[in-house]
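Visitor: My structure is below; once you've seen it, I'll send some questions.
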Amino acid sequence: MNTRDLAPVTHLLPGQSLRVALDAGASLLVLEGRVRVASPPSWFGETVLTVKNDYQAGEVYVAGQGGWIELSAQGAASVQGIAQPAAPARRPGESRVSRLLQLLFAPA
């Protein structure tokens with residue numbers, strides 16, 4: 001399951017948890033209640049750690065990196081998944097290198 005698979009609004013009962021894979025840049029808006037988000041595991045030196053933060057109604061969690069998060073309801077809660085914005089479309093035949101060159105050498 002990922003952000004695109006979430007229902008428009010996901011309701012969680014007190015104590016209920018949900019694991020979901022998020023792409024980097026995707027976000028979760030807490031519509032009501034309070035949730036704890038455990039971020040994807042990451043390395044800090046030789047230690048694996050997971051950051052846990054609480055979010056309440058009106059606050060937004062933005063995934064800094066892609067991966068699996070765990071959402072735990074601290075009471076009845078509702079969240080809305082928001083997929084990351086789509087990358088701007090390139091013109092046919094335009095490569096990343098040619099676009100970079102255009103940006104570097106465009107008249108000021």
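By order in the structure tokens, chains are A, B, ...; within a chain, residues start at 1; ligands start at 1, following the order shown.
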Residues near segment 9-11 of chain A, anyone? I mean within 10 Å using only C-alpha atoms, not counting same-chain ones fewer than 2 positions away, as an mmCIF file with N, CA, C and O atoms, in the first residue's frame.
Guide:
```cif
data_model
loop_
_atom_site.group_PDB
_atom_site.id
_atom_site.type_symbol
_atom_site.label_atom_id
_atom_site.label_comp_id
_atom_site.auth_asym_id
_atom_site.auth_seq_id
_atom_site.Cartn_x
_atom_site.Cartn_y
_atom_site.Cartn_z
ATOM 1 N N LEU A 6 -4.257 4.916 -0.601
ATOM 2 C CA LEU A 6 -5.057 5.315 0.546
ATOM 3 C C LEU A 6 -6.417 5.826 0.086
ATOM 4 O O LEU A 6 -6.538 6.451 -0.963
ATOM 5 N N ALA A 7 -7.427 5.560 0.906
ATOM 6 C CA ALA A 7 -8.741 6.146 0.642
ATOM 7 C C ALA A 7 -8.600 7.660 0.786
ATOM 8 O O ALA A 7 -7.658 8.140 1.427
ATOM 9 N N LEU A 13 -9.178 3.956 14.609
ATOM 10 C CA LEU A 13 -9.738 3.875 15.950
ATOM 11 C C LEU A 13 -8.626 4.067 16.967
ATOM 12 O O LEU A 13 -7.445 3.880 16.644
ATOM 13 N N PRO A 14 -8.955 4.411 18.208
ATOM 14 C CA PRO A 14 -7.913 4.579 19.234
ATOM 15 C C PRO A 14 -7.030 3.332 19.327
ATOM 16 O O PRO A 14 -7.531 2.213 19.394
ATOM 17 N N GLN A 16 -5.274 1.979 17.028
ATOM 18 C CA GLN A 16 -5.104 1.290 15.746
ATOM 19 C C GLN A 16 -3.871 1.826 15.020
ATOM 20 O O GLN A 16 -3.557 3.013 15.098
ATOM 21 N N LEU A 18 -1.432 1.695 11.272
ATOM 22 C CA LEU A 18 -1.458 1.472 9.834
ATOM 23 C C LEU A 18 -0.048 1.648 9.317
ATOM 24 O O LEU A 18 0.622 2.624 9.664
ATOM 25 N N LEU A 29 -2.078 14.600 5.905
ATOM 26 C CA LEU A 29 -2.740 15.677 6.628
ATOM 27 C C LEU A 29 -3.626 15.056 7.689
ATOM 28 O O LEU A 29 -4.461 14.198 7.379
ATOM 29 N N VAL A 30 -3.442 15.457 8.941
ATOM 30 C CA VAL A 30 -4.289 14.967 10.029
ATOM 31 C C VAL A 30 -5.543 15.829 10.045
ATOM 32 O O VAL A 30 -5.475 17.029 10.295
ATOM 33 N N LEU A 31 -6.668 15.217 9.735
ATOM 34 C CA LEU A 31 -7.927 15.952 9.679
ATOM 35 C C LEU A 31 -8.560 16.109 11.052
ATOM 36 O O LEU A 31 -9.136 17.144 11.374
ATOM 37 N N GLU A 32 -8.459 15.064 11.862
ATOM 38 C CA GLU A 32 -8.971 15.141 13.233
ATOM 39 C C GLU A 32 -8.236 14.147 14.102
ATOM 40 O O GLU A 32 -7.683 13.163 13.624
ATOM 41 N N GLY A 33 -8.192 14.423 15.387
ATOM 42 C CA GLY A 33 -7.527 13.544 16.333
ATOM 43 C C GLY A 33 -6.030 13.783 16.385
ATOM 44 O O GLY A 33 -5.540 14.851 16.018
ATOM 45 N N ALA A 73 -2.814 5.723 15.914
ATOM 46 C CA ALA A 73 -3.804 6.657 16.426
ATOM 47 C C ALA A 73 -3.688 6.758 17.939
ATOM 48 O O ALA A 73 -3.686 5.758 18.635
ATOM 49 N N ALA A 76 -9.297 8.463 18.434
ATOM 50 C CA ALA A 76 -9.929 8.385 17.120
ATOM 51 C C ALA A 76 -9.313 9.453 16.229
ATOM 52 O O ALA A 76 -9.138 10.593 16.653
ATOM 53 N N ALA A 77 -8.940 9.091 15.017
ATOM 54 C CA ALA A 77 -8.245 10.038 14.134
ATOM 55 C C ALA A 77 -8.627 9.791 12.679
ATOM 56 O O ALA A 77 -9.032 8.693 12.308
ATOM 57 N N SER A 78 -8.485 10.840 11.889
ATOM 58 C CA SER A 78 -8.693 10.753 10.441
ATOM 59 C C SER A 78 -7.525 11.423 9.749
ATOM 60 O O SER A 78 -7.101 12.507 10.164
ATOM 61 N N VAL A 79 -6.987 10.782 8.716
ATOM 62 C CA VAL A 79 -5.872 11.348 7.956
ATOM 63 C C VAL A 79 -6.176 11.290 6.464
ATOM 64 O O VAL A 79 -6.947 10.451 6.010
ATOM 65 N N GLN A 80 -5.549 12.191 5.741
ATOM 66 C CA GLN A 80 -5.701 12.237 4.288
ATOM 67 C C GLN A 80 -4.318 12.159 3.675
ATOM 68 O O GLN A 80 -3.432 12.940 4.026
ATOM 69 N N GLY A 81 -4.114 11.199 2.765
ATOM 70 C CA GLY A 81 -2.845 11.079 2.060
ATOM 71 C C GLY A 81 -2.810 12.000 0.865
ATOM 72 O O GLY A 81 -3.792 12.123 0.137
#
```
Visitor: Check chain A with DSSP on the backbone and list each residue it calls strand (DSSP E), as a ChimeraX atom specification.
Guide: /A:10-12,17-22,27-32,34-38,42-44,47-49,52-56,60-62,67-73,77-82
Visitor: Excluding segment 46-56 of chain A and its own-chain neighbours fewer than 2 positions away, which residues fall within 10 Å of it when counting only C-alpha atoms? Please give them as a PyMOL selection string.
Guide: chain A and resi 28-44+58-61+69-74+77-79
Visitor: How far is it from atom CA of Ser17 of chain A to atom CA of Gly66 of chain A, in Å with one decimal?
Guide: 18.9 Å
Visitor: How far is it from atom CA of Arg19 of chain A to atom CA of Gly67 of chain A, in Å with one decimal?
Guide: 10.2 Å
Visitor: Between atom CA of Ala24 of chain A and atom CA of Val97 of chain A, what distance in Å does the model show, to one decimal?
Guide: 23.2 Å
